[in-house]
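Structure first, then comments.
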Amino acid sequence: MSNDSSFLSTWARSIAPSPTLAVDAKAKALKAAGKDVCGFGAGEPDFDTPKFIKDACAKALAEGKTKYVPTPGILPLRKAIAADYVSRGFRNLTEANIVLSPGGKMSCYLSIVATISPGDEAIIPAPYWVSYPEMVKLAGGVPKFISAEDTAGFKVTPEQLRAAITPKTRLFILTSPSNPTGTVYTREETEALVAVAVEHGIYVLSDEIYAHLTYDGVVASHPATFSDRAAELVITASGFAKTYAMTGWRLGTIAAPLPIAKAVSSLQSQMSSNCTSFAQFGALAVFEQPEKAAESVAEMRATFDRRRKMFLDGLNAIPGISCYRSQGAFYLFPNIKSFGLSSSDFAAKLLEEELVAVVPGIAFGAEGYMRLSYAVSDETIRKGIDRIARFCKKLRGA
Ligand SMILES: *Cc1c(COP(=O)(O)O)cnc(C)c1O
């Protein structure tokens with residue numbers, strides 16, 4: 001058997017592995033070797049899945065709900081998700097518009113494959129979630145980036161979007177709240193961006209995986225609710241992973257115009273079939289026991305918020321670092337430009353010298369920043385702030 005990778009496909013050779021998962025793996029390996037690592041690389045809640053969800057799943061498993069189910073998902077769950085979206089203002093939406101996928105990541109990928117043909121362009125605001133450009137490339141498409149710095153709140157403008165549109169543009173990807181920056185666009189800002197896409201008949205992939213995790217009284221908006229025309233062009237990707245601490249369950253959702261929902265379901269029927277049957281029954285508990293669900297989310301949100309403020313204050317007190325006040329998800333994206341190092345060098349040295357794991361901004365298409373997750377314990381944050389402060393002081397030669 002040859003070890004020559006030149007026999008691999010174009011796709012296999014061009015794909016970059018997820019840098020965030022790589023940082024996490026490195027931090028976990030150091031930890032396993034007995035090192036006291038402060039890991040801020042992970043993109044997952046540090047809570048366990050709420051018990052009422054696990055119980056519903058265990059019950060389904062015990063009852064033998066272990067066979068294939070319909071490709072787009074079990075009917076009661078799709079109905080419940082549709083009803084929830086309708087209650088939040090989604091238009092002309094029924095269970096026919098809903099597809100359950102093996103994770104929010106897969107929801108994004110299927111949506112991209114359903115809308116992008118070879119040579120088509122997808123406009124992606126940077127800093128971006130690491131997977132979007134690779135997914136667009138896997139569909140044979142071309143990612144086109146528009147960027148925003150911390151001074152602009154990491155928010156791209158309608159003018160930037162308009163200027164990036166060409167006859168080949170098919171898709172605009174919007175993530176609010178954002179991973180990696182935690183930025184949440186206001187309703188007005190979102191409407192202005194979506195209006196440009198609608199005017200040009202471009203699909204919008206709205207990744208709303210963090211919609212329930214917002215702070216400072218800010219609310220995430222849903223582009224699909226803006227107008228009837230928007231409802232025909234917006235694909236809403238989401239899932240249970242971040243809201244209910246269910247990353248390992250692999251359960252994502254797609255709410256899409258009918259032709260897209262059908263296409264995505266057909267793609268899935270050939271690629272993976274339904275996502276795990278008993279996991280879906282677990283997720284159904286979220287809608288059957290809404291008080292418990294709301295309580296769990298409120299509890300996790302309050303904890304994230306407390307850590308967010310603590311981390312923000314700590315980072316902004318370090319000379320040379322300035323950190324934008326993110327109002328969503330569970331990430332901070334501080335500016336480290338004053339140190340004159342590339343973000344990769346900064347992150348590598350920080351891990352080596354202080355055992356602090358962060359993801360360099362360049363992984364998200366933004367040099368001069370780093371991403372820190374605050375889905376970690378208060379103690380880790382306190383320790384991390386001390387170590388980062390010591391590291392920065394050394395860098396400044398102070
Ligand atoms: C975590 C994440 C997802 C999807 O997560 P899954 O674990 O696949 O459900 C999608 N988009 C963004 C921006 C994320 O951070």
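Ligands are numbered from 1 in the order shown, chains are lettered A, B, ... in the order of the structure tokens, and residues start at 1 in each chain.
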Kindly compile the residues surrounding ligand 1 within 6 Å, counting only C-alpha atoms and all ligand atoms, and format them as an MDAnalysis selection string.
chainID A and resid 103:105 129 179 207 209 239 241 247 250:252
Would you write out those residues with all heavy atoms, as a CSV table (one decimal), in the first residue's frame?
chain,number,residue,atom,x,y,z
A,103,GLY,N,-25.9,17.2,13.6
A,103,GLY,CA,-25.1,18.3,14.1
A,103,GLY,C,-25.3,19.6,13.4
A,103,GLY,O,-25.6,19.6,12.1
A,104,GLY,N,-25.2,20.7,14.1
A,104,GLY,CA,-25.3,22.0,13.4
A,104,GLY,C,-24.2,22.2,12.3
A,104,GLY,O,-24.5,22.9,11.3
A,105,LYS,N,-23.1,21.6,12.5
A,105,LYS,CA,-22.0,21.6,11.5
A,105,LYS,C,-22.5,21.0,10.2
A,105,LYS,O,-22.4,21.5,9.1
A,105,LYS,CB,-20.8,20.9,12.0
A,105,LYS,CG,-19.5,21.1,11.2
A,105,LYS,CD,-18.3,20.4,11.9
A,105,LYS,CE,-17.5,21.4,12.7
A,105,LYS,NZ,-16.3,20.8,13.2
A,129,TRP,N,-16.3,31.5,11.3
A,129,TRP,CA,-16.2,30.1,11.9
A,129,TRP,C,-15.3,29.3,10.9
A,129,TRP,O,-15.5,29.3,9.7
A,129,TRP,CB,-17.6,29.5,12.1
A,129,TRP,CG,-17.6,28.2,12.8
A,129,TRP,CD1,-16.9,27.9,13.9
A,129,TRP,CD2,-18.3,27.0,12.4
A,129,TRP,NE1,-17.3,26.6,14.3
A,129,TRP,CE2,-18.1,26.0,13.4
A,129,TRP,CE3,-19.2,26.7,11.3
A,129,TRP,CZ2,-18.7,24.8,13.3
A,129,TRP,CZ3,-19.8,25.5,11.3
A,129,TRP,CH2,-19.5,24.5,12.2
A,179,ASN,N,-19.3,33.0,16.4
A,179,ASN,CA,-18.1,32.3,16.8
A,179,ASN,C,-17.1,32.6,15.7
A,179,ASN,O,-17.5,32.3,14.5
A,179,ASN,CB,-18.4,30.7,16.8
A,179,ASN,CG,-17.1,29.9,17.1
A,179,ASN,OD1,-16.1,30.5,17.3
A,179,ASN,ND2,-17.3,28.6,17.0
A,207,ASP,N,-26.6,31.1,10.6
A,207,ASP,CA,-26.2,30.1,11.6
A,207,ASP,C,-26.5,30.7,12.9
A,207,ASP,O,-25.9,31.6,13.4
A,207,ASP,CB,-24.7,29.9,11.4
A,207,ASP,CG,-24.2,28.8,12.4
A,207,ASP,OD1,-24.9,28.4,13.3
A,207,ASP,OD2,-23.0,28.3,12.2
A,209,ILE,N,-26.8,28.9,15.9
A,209,ILE,CA,-26.5,27.9,16.9
A,209,ILE,C,-26.4,28.6,18.3
A,209,ILE,O,-26.7,27.9,19.3
A,209,ILE,CB,-25.3,27.1,16.5
A,209,ILE,CG1,-25.1,25.9,17.4
A,209,ILE,CG2,-24.0,27.9,16.7
A,209,ILE,CD1,-25.6,24.6,16.7
A,239,GLY,N,-29.1,24.0,16.2
A,239,GLY,CA,-28.9,22.7,16.8
A,239,GLY,C,-29.0,22.7,18.3
A,239,GLY,O,-29.3,23.8,18.9
A,241,ALA,N,-26.6,21.5,20.4
A,241,ALA,CA,-25.3,21.3,21.1
A,241,ALA,C,-24.9,22.4,22.0
A,241,ALA,O,-24.6,22.2,23.2
A,241,ALA,CB,-24.2,21.3,20.0
A,247,THR,N,-23.2,18.6,22.8
A,247,THR,CA,-22.2,18.6,21.7
A,247,THR,C,-22.0,17.1,21.2
A,247,THR,O,-21.9,16.9,20.0
A,247,THR,CB,-20.9,19.2,22.1
A,247,THR,OG1,-20.6,18.8,23.4
A,247,THR,CG2,-21.0,20.7,22.1
A,250,ARG,N,-24.8,15.0,18.6
A,250,ARG,CA,-24.8,15.2,17.2
A,250,ARG,C,-26.2,15.4,16.7
A,250,ARG,O,-26.8,14.5,16.1
A,250,ARG,CB,-24.1,14.1,16.4
A,250,ARG,CG,-22.7,13.7,16.9
A,250,ARG,CD,-21.8,14.9,17.1
A,250,ARG,NE,-21.6,15.8,16.0
A,250,ARG,CZ,-21.7,17.1,16.1
A,250,ARG,NH1,-21.9,17.7,17.2
A,250,ARG,NH2,-21.5,17.8,15.0
A,251,LEU,N,-26.8,16.6,17.0
A,251,LEU,CA,-28.1,16.9,16.6
A,251,LEU,C,-28.3,18.3,16.2
A,251,LEU,O,-28.2,19.2,17.0
A,251,LEU,CB,-29.0,16.6,17.9
A,251,LEU,CG,-30.4,16.1,17.7
A,251,LEU,CD1,-30.5,14.9,16.7
A,251,LEU,CD2,-31.0,15.6,19.0
A,252,GLY,N,-28.4,18.5,14.9
A,252,GLY,CA,-28.6,19.8,14.3
A,252,GLY,C,-29.9,20.0,13.7
A,252,GLY,O,-30.7,19.0,13.5
Compile the contact shell of region 216-226 of chain A as a PyMOL selection string: residues with an atom at most 8 Å away, counting only C-alpha atoms, same-chain residues fewer than 3 positions apart removed.
chain A and resi 89-91+176-177+184-187+190-191+194+206+208+211-212+230-236+327
Residues of the last selection are to be written out with C-alpha atoms, as an mmCIF file, in the first residue's frame.
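Result file is out.cif:
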data_model
loop_
_atom_site.group_PDB
_atom_site.id
_atom_site.type_symbol
_atom_site.label_atom_id
_atom_site.label_comp_id
_atom_site.auth_asym_id
_atom_site.auth_seq_id
_atom_site.Cartn_x
_atom_site.Cartn_y
_atom_site.Cartn_z
ATOM 1 C CA GLY A 89 -42.174 34.958 13.958
ATOM 2 C CA PHE A 90 -41.084 32.565 11.200
ATOM 3 C CA ARG A 91 -43.404 32.773 8.195
ATOM 4 C CA SER A 176 -24.956 36.124 14.925
ATOM 5 C CA PRO A 177 -24.112 35.573 17.738
ATOM 6 C CA VAL A 184 -24.389 40.006 18.033
ATOM 7 C CA TYR A 185 -25.742 42.173 15.209
ATOM 8 C CA THR A 186 -28.694 44.397 16.158
ATOM 9 C CA ARG A 187 -32.014 43.822 14.458
ATOM 10 C CA THR A 190 -29.206 42.385 10.397
ATOM 11 C CA GLU A 191 -32.166 43.740 8.426
ATOM 12 C CA VAL A 194 -30.422 40.741 4.647
ATOM 13 C CA SER A 206 -28.117 32.174 9.043
ATOM 14 C CA GLU A 208 -28.131 30.632 14.766
ATOM 15 C CA ALA A 211 -29.232 32.363 19.410
ATOM 16 C CA HIS A 212 -30.156 31.505 23.017
ATOM 17 C CA ALA A 230 -36.581 36.751 3.142
ATOM 18 C CA ALA A 231 -38.394 33.561 4.187
ATOM 19 C CA GLU A 232 -37.846 32.264 0.633
ATOM 20 C CA LEU A 233 -34.101 32.936 0.755
ATOM 21 C CA VAL A 234 -32.982 32.393 4.349
ATOM 22 C CA ILE A 235 -31.817 29.000 5.570
ATOM 23 C CA THR A 236 -31.661 28.855 9.349
ATOM 24 C CA GLN A 327 -22.517 39.952 23.933
#
May I have the residues within 8 Å of Arg170 (chain A) as an mmCIF file with all heavy atoms, in the first residue's frame, using only C-alpha atoms and disregarding those fewer than 2 positions away in the same chain?
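Written file, around07.cif:
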data_model
loop_
_atom_site.group_PDB
_atom_site.id
_atom_site.type_symbol
_atom_site.label_atom_id
_atom_site.label_comp_id
_atom_site.auth_asym_id
_atom_site.auth_seq_id
_atom_site.Cartn_x
_atom_site.Cartn_y
_atom_site.Cartn_z
ATOM 1 N N THR A 115 -26.871 24.678 -2.136
ATOM 2 C CA THR A 115 -26.987 25.987 -2.799
ATOM 3 C C THR A 115 -25.788 26.359 -3.669
ATOM 4 O O THR A 115 -25.896 27.253 -4.505
ATOM 5 C CB THR A 115 -27.165 27.114 -1.740
ATOM 6 O OG1 THR A 115 -26.148 26.985 -0.756
ATOM 7 C CG2 THR A 115 -28.531 27.024 -1.070
ATOM 8 N N ILE A 116 -24.655 25.708 -3.461
ATOM 9 C CA ILE A 116 -23.423 26.088 -4.164
ATOM 10 C C ILE A 116 -23.071 25.051 -5.233
ATOM 11 O O ILE A 116 -22.926 23.869 -4.933
ATOM 12 C CB ILE A 116 -22.250 26.206 -3.151
ATOM 13 C CG1 ILE A 116 -22.465 27.405 -2.221
ATOM 14 C CG2 ILE A 116 -20.907 26.313 -3.854
ATOM 15 C CD1 ILE A 116 -22.254 28.757 -2.851
ATOM 16 N N ASP A 120 -19.415 28.737 -8.012
ATOM 17 C CA ASP A 120 -20.258 29.728 -7.327
ATOM 18 C C ASP A 120 -19.502 30.349 -6.150
ATOM 19 O O ASP A 120 -18.651 29.705 -5.535
ATOM 20 C CB ASP A 120 -21.535 29.078 -6.774
ATOM 21 C CG ASP A 120 -22.546 28.782 -7.863
ATOM 22 O OD1 ASP A 120 -22.385 29.302 -8.992
ATOM 23 O OD2 ASP A 120 -23.502 28.023 -7.584
ATOM 24 N N GLU A 121 -19.884 31.581 -5.833
ATOM 25 C CA GLU A 121 -19.218 32.270 -4.731
ATOM 26 C C GLU A 121 -20.122 32.382 -3.502
ATOM 27 O O GLU A 121 -21.329 32.588 -3.627
ATOM 28 C CB GLU A 121 -18.808 33.679 -5.174
ATOM 29 C CG GLU A 121 -17.755 33.649 -6.269
ATOM 30 C CD GLU A 121 -17.447 35.024 -6.859
ATOM 31 O OE1 GLU A 121 -18.057 36.026 -6.424
ATOM 32 O OE2 GLU A 121 -16.594 35.070 -7.777
ATOM 33 N N ALA A 122 -19.492 32.224 -2.342
ATOM 34 C CA ALA A 122 -20.198 32.428 -1.066
ATOM 35 C C ALA A 122 -19.473 33.538 -0.324
ATOM 36 O O ALA A 122 -18.250 33.504 -0.192
ATOM 37 C CB ALA A 122 -20.185 31.152 -0.244
ATOM 38 N N LYS A 168 -21.692 35.706 -9.790
ATOM 39 C CA LYS A 168 -21.536 34.315 -9.340
ATOM 40 C C LYS A 168 -21.933 34.105 -7.883
ATOM 41 O O LYS A 168 -21.896 32.980 -7.370
ATOM 42 C CB LYS A 168 -20.080 33.872 -9.522
ATOM 43 C CG LYS A 168 -19.691 33.709 -10.976
ATOM 44 C CD LYS A 168 -18.330 33.082 -11.076
ATOM 45 C CE LYS A 168 -18.062 32.683 -12.523
ATOM 46 N NZ LYS A 168 -16.722 32.141 -12.683
ATOM 47 N N PHE A 172 -24.756 34.105 1.144
ATOM 48 C CA PHE A 172 -24.133 34.965 2.162
ATOM 49 C C PHE A 172 -24.296 34.248 3.496
ATOM 50 O O PHE A 172 -25.392 33.810 3.837
ATOM 51 C CB PHE A 172 -24.829 36.336 2.185
ATOM 52 C CG PHE A 172 -24.423 37.217 3.340
ATOM 53 C CD1 PHE A 172 -23.087 37.520 3.579
ATOM 54 C CD2 PHE A 172 -25.382 37.759 4.188
ATOM 55 C CE1 PHE A 172 -22.710 38.340 4.645
ATOM 56 C CE2 PHE A 172 -25.021 38.580 5.260
ATOM 57 C CZ PHE A 172 -23.679 38.864 5.480
ATOM 58 N N ILE A 202 -29.977 36.493 -3.360
ATOM 59 C CA ILE A 202 -28.922 35.598 -2.857
ATOM 60 C C ILE A 202 -29.417 34.876 -1.604
ATOM 61 O O ILE A 202 -30.057 35.485 -0.747
ATOM 62 C CB ILE A 202 -27.673 36.439 -2.512
ATOM 63 C CG1 ILE A 202 -27.063 36.983 -3.795
ATOM 64 C CG2 ILE A 202 -26.663 35.653 -1.704
ATOM 65 C CD1 ILE A 202 -26.076 38.092 -3.534
ATOM 66 N N TYR A 203 -29.114 33.581 -1.512
ATOM 67 C CA TYR A 203 -29.487 32.842 -0.303
ATOM 68 C C TYR A 203 -28.673 33.333 0.887
ATOM 69 O O TYR A 203 -27.518 33.735 0.737
ATOM 70 C CB TYR A 203 -29.209 31.345 -0.481
ATOM 71 C CG TYR A 203 -30.225 30.638 -1.341
ATOM 72 C CD1 TYR A 203 -29.868 30.081 -2.557
ATOM 73 C CD2 TYR A 203 -31.547 30.513 -0.913
ATOM 74 C CE1 TYR A 203 -30.802 29.419 -3.353
ATOM 75 C CE2 TYR A 203 -32.487 29.858 -1.694
ATOM 76 C CZ TYR A 203 -32.108 29.318 -2.910
ATOM 77 O OH TYR A 203 -33.034 28.675 -3.676
#
Name all residues at most 12 Å from Leu350 (chain A) (count only C-alpha atoms; drop same-chain ones fewer than 2 positions away) and give them as number ranges by chain.
A: 27, 37-40, 341, 343-348, 352-360, 370, 384-385, 387-392, 394-395
Of the candidates A:Cys323, A:Ala366, A:Ala285, A:Val297, which shows the shortest atom-to-atom distance to Ala56 (chain A), using only C-alpha atoms?
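Among the listed residues, A:Ala285 lies closest to Ala56 (chain A).
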Using only C-alpha atoms, which residues sit within 9 Å of Leu21 (chain A) once same-chain residues fewer than 6 positions away are excluded, as a tab-separated table (two decimals) with C-alpha atoms, in the first residue's frame?
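around-v5.tsv written:
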chain	number	residue	atom	x	y	z
A	41	GLY	CA	-9.52	26.41	22.99
A	42	ALA	CA	-12.63	24.29	23.26
A	43	GLY	CA	-15.85	25.31	21.61
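Relative to CA of Pro102 (chain A), CA of Thr66 (chain A) is found at 15.8 Å.
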Nearest residue to Leu372 (chain A) from the set A:Asp36, A:Asp24, A:Glu291, A:Asp4 (distances using only C-alpha atoms):
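Smallest separation from Leu372 (chain A) among the options: A:Asp24.
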Between A:Asp378, A:Glu95, A:Asp46, A:Glu134, which one has atoms that come closest to Pro19 (chain A), using only C-alpha atoms?
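The shortest atom-to-atom distance to Pro19 (chain A) comes from A:Glu134.
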Using backbone DSSP assignments, extract all helix (DSSP H, G or I) residues from region 59-282 of chain A; output them as a VMD selection string.
chain A and resid 59 to 62 75 to 87 95 to 97 104 to 115 131 to 138 150 to 152 158 to 164 187 to 199 223 to 225 228 to 233 247 to 249 258 to 271 277 to 282
Å distance separating CA of Ile98 (chain A) from CA of Gln289 (chain A), one decimal place
20.4 Å
Closest of A:Met135, A:Ile74, A:Ala33, A:Val69 to Ser273 (chain A) - atom-to-atom distances counting only C-alpha atoms
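Using only C-alpha atoms, the shortest distance to Ser273 (chain A) belongs to A:Val69.
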Long-range neighbours of Thr181 (chain A) as a list in words, 8 Å cut-off, only C-alpha atoms, 4 positions minimum in chain:
Pro127, Phe154, Ser326, Tyr331, Leu332, Phe333 and Arg371 of chain A
Just the selected residues (N, CA, C and O atoms), exported as a compact mmCIF listing (two decimals), in the first residue's frame, please.
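What follows is the written file out.txt:
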# COMPACT_ATOMS: atom_id res chain seq x y z
N PRO A 127 -13.89 38.04 11.09
CA PRO A 127 -13.56 36.68 11.50
C PRO A 127 -14.73 35.70 11.31
O PRO A 127 -15.86 36.04 11.64
N PHE A 154 -16.58 44.01 15.00
CA PHE A 154 -16.50 42.80 14.15
C PHE A 154 -17.76 42.65 13.29
O PHE A 154 -18.16 41.53 12.97
N SER A 326 -17.95 41.34 23.88
CA SER A 326 -18.84 40.42 23.16
C SER A 326 -20.11 40.21 23.95
O SER A 326 -20.08 40.13 25.18
N TYR A 331 -17.42 33.18 23.71
CA TYR A 331 -16.05 33.47 23.28
C TYR A 331 -15.71 34.93 23.46
O TYR A 331 -16.57 35.80 23.31
N LEU A 332 -14.42 35.19 23.74
CA LEU A 332 -13.88 36.54 23.66
C LEU A 332 -12.80 36.52 22.60
O LEU A 332 -12.17 35.48 22.35
N PHE A 333 -12.60 37.67 21.96
CA PHE A 333 -11.68 37.73 20.83
C PHE A 333 -10.77 38.96 20.99
O PHE A 333 -10.87 39.93 20.24
N ARG A 371 -8.72 33.68 20.11
CA ARG A 371 -10.05 33.33 20.62
C ARG A 371 -9.92 32.57 21.93
O ARG A 371 -9.15 31.61 22.04
Of the listed residues A:Gly340, A:Gly314, A:Pro257, A:Pro133, that which approaches Ala16 (chain A) most closely, counting only C-alpha atoms
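Going through A:Gly340, A:Gly314, A:Pro257, A:Pro133 one by one, the smallest distance to Ala16 (chain A) is for A:Pro133.
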